[in-house]
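Only one structure is covered here, and it is reproduced in the block below.
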Amino acid sequence: MKQLLVIAIALTSVNAFATRARMNALANAPHLTDTQSIYGQPTDVFAIGSDFASLESGVATDTVAAPAVAGANAEGMILRSMGDSKVGVALGHQSMGALRGQLLAAPVIKQQNPIELIYGMKNGDMNLAGILVYSNYNDKTPGLAAGTIVKESSTALRLGASSGPWVATLSLGLVNTAQDFAGNKFTGSSDMNFDGNYMLNDIFWFVNLNTSVGKTESAAGVETGKVTNGMNWKLGALHSHKKDANELFYSIALESSDTKTAGTPDTKTTALKLPITIGVEVDAASWLTVRGSVSQSTFIANSKTSAATTTAELAPGANTTTVAVGAGLKFNKLTLDGALLQTAAGAAGQSVNTANLLAQVGATYWF
């Protein structure tokens, strides 16, 4: 009985609503269950107690600087109940640009008008859910300059299952291509990601495995570049203290990555990190929630890049401390979340001004 109570608490985070701004302010902690976590963990559609429509602010440009990181785009989702099932549609969510960013020179084309179809069903004590991702783009304008991206296509499938204390999700990248006017082509393959969570007593255990391969070819079909992300993995544990509508959590994880890049010469980069995260979320008033987190790779922050003639090695590496803060406003069935924009790694730091304050904003309406 005690374990079931702990599980129930874990599956209904402090405020049963969230946006991308809230997730970023809390360092994307793996135990959070909300509207944004559905993208990575489809069975979360059953952990949210209400139907909703969510909107995320962002830019609508066709390209981003490499690597193509999700989070700067405009997007939205609607989720409805149909008996014991859940049905939803998401527009604009970027999920397949990172591999392109590892190979293509900036600017890197994003998924164009991506759509995600969401469906979940109950089977006894088990929740099953899946998401189909699709985007397609073709610019047939004559006279485009060589190097201009004229085609983009992506298809992916995410499948999830959960029962009691465990959750498992498998994501497969089925199609990931882009082509420029000169016929140079990018192709992604072997894109696989697995996430698993398990609540044991009061400790939330999480694991992630992912691998992918991408290559570029000339119009003549000659390979011009290739990047292979080996079986990268993360294993960690998180503990959360909740009281009333307030939460303090902390987590530690061990991460390993292995990337090989074909070239002259070929290079191989390996890294081993031990990130520690502390986060807090507090209801400062009935209409106001304040949240924030601090993260750092400490004790272990090693990386090594090997090539034919040179080797770069950091053990441990440079400063990685990152702080994120945000706030949420509650107006009956409407919530509005904002986060302080974080500067790029190595920049001067964060500042509060008209350019950075509430640079990321999301709204959720519950019905």
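The chains in the structure tokens are called A, B, ... from first to last as shown; in each chain the residues are counted from 1, and the ligands are counted from 1 in the order shown.
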Report the closest atom pair, with its distance in Å rounded to one decimal, for each residue of region 26-62 of chain A that has an atom no farther than 12 Å from region 205-226 of chain A; count only C-alpha atoms, sort by chain and then rising residue number, and write it as CSV.
```
residue,atom,partner,partner_atom,distance
A:Ala29,CA,A:Phe206,CA,10.3
A:Pro30,CA,A:Phe206,CA,7.3
A:His31,CA,A:Phe206,CA,8.5
A:Leu32,CA,A:Phe206,CA,12.0
A:Gly40,CA,A:Asn208,CA,11.3
A:Gln41,CA,A:Asn208,CA,12.0
```
Output of the above residues as a PDB file, in the first residue's frame, restricted to N, CA and C atoms:
```pdb
ATOM      1  N   ALA A  29      14.037  17.236 -15.589  1.00  0.00           N
ATOM      2  CA  ALA A  29      14.164  16.103 -14.668  1.00  0.00           C
ATOM      3  C   ALA A  29      13.312  14.930 -15.146  1.00  0.00           C
ATOM      4  N   PRO A  30      13.842  13.710 -15.115  1.00  0.00           N
ATOM      5  CA  PRO A  30      13.143  12.568 -15.720  1.00  0.00           C
ATOM      6  C   PRO A  30      11.870  12.148 -15.010  1.00  0.00           C
ATOM      7  N   HIS A  31      11.635  12.593 -13.781  1.00  0.00           N
ATOM      8  CA  HIS A  31      10.435  12.163 -13.059  1.00  0.00           C
ATOM      9  C   HIS A  31       9.227  13.049 -13.323  1.00  0.00           C
ATOM     10  N   LEU A  32       9.421  14.171 -14.010  1.00  0.00           N
ATOM     11  CA  LEU A  32       8.316  15.088 -14.252  1.00  0.00           C
ATOM     12  C   LEU A  32       7.307  14.470 -15.206  1.00  0.00           C
ATOM     13  N   GLY A  40       8.308  12.408 -25.103  1.00  0.00           N
ATOM     14  CA  GLY A  40       9.324  11.386 -24.888  1.00  0.00           C
ATOM     15  C   GLY A  40       8.802  10.135 -24.218  1.00  0.00           C
ATOM     16  N   GLN A  41       7.632  10.241 -23.569  1.00  0.00           N
ATOM     17  CA  GLN A  41       7.082   9.120 -22.821  1.00  0.00           C
ATOM     18  C   GLN A  41       5.565   9.099 -23.055  1.00  0.00           C
TER      19      GLN A  41
END
```
task = Mind the document's chain letters and residue numbers, and return as a PyMOL selection string the residues of region 53-262 of chain A that DSSP labels strand (DSSP E or B).
result = chain A and resi 53-56+59+63-64+73+75-82+85-91+108-109+115-123+126-138+149-163+166-180+185-200+203-217+223-243+246-262
task = May I have the residues within 9 Å of Leu170 (chain A) as a PyMOL selection string, using only C-alpha atoms and disregarding those fewer than 2 positions away in the same chain?
result = chain A and resi 41+157-160+168+172+192-196
With a distance cut-off of 9 Å and only C-alpha atoms, select the neighbouring residues of Tyr119 (chain A), excluding the residue or stretch itself and same-chain residues fewer than 6 positions from it, and output the selection as a PDB file with C-alpha atoms, in the first residue's frame.
```pdb
ATOM      1  CA  PRO A  42       3.717   8.582 -24.583  1.00  0.00           C
ATOM      2  CA  VAL A  45      -1.195  10.740 -21.443  1.00  0.00           C
ATOM      3  CA  SER A  85      -8.512   5.909 -24.729  1.00  0.00           C
ATOM      4  CA  LYS A  86      -6.569   9.118 -25.353  1.00  0.00           C
ATOM      5  CA  VAL A  87      -6.244  10.828 -28.744  1.00  0.00           C
ATOM      6  CA  GLY A  88      -4.064  13.828 -29.528  1.00  0.00           C
ATOM      7  CA  VAL A  89      -2.394  15.896 -32.226  1.00  0.00           C
ATOM      8  CA  LEU A 128      -0.131   1.448 -23.972  1.00  0.00           C
ATOM      9  CA  ALA A 129       0.518   4.515 -26.123  1.00  0.00           C
ATOM     10  CA  GLY A 130       2.212   5.488 -29.367  1.00  0.00           C
ATOM     11  CA  ILE A 131       3.154   8.575 -31.373  1.00  0.00           C
ATOM     12  CA  LEU A 132       3.612   8.767 -35.149  1.00  0.00           C
TER      13      LEU A 132
END
```
key: For Pro275 (chain A): contacts at 12 Å, only C-alpha atoms, fewer than 3 positions along chain excluded, given as a ChimeraX atom specification   = /A:27,29,234-238,250-256,272,278,294-302,319-322
Straight-line distance linking CA of Glu281 (chain A) with CA of Ile78 (chain A), stated in Å to one decimal = 25.4 Å
request  = State, in Å with one decimal place, the distance from CA of Phe204 (chain A) to CA of Gly328 (chain A).
outcome  =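 For CA of Phe204 (chain A) relative to CA of Gly328 (chain A), the distance reads 25.1 Å.
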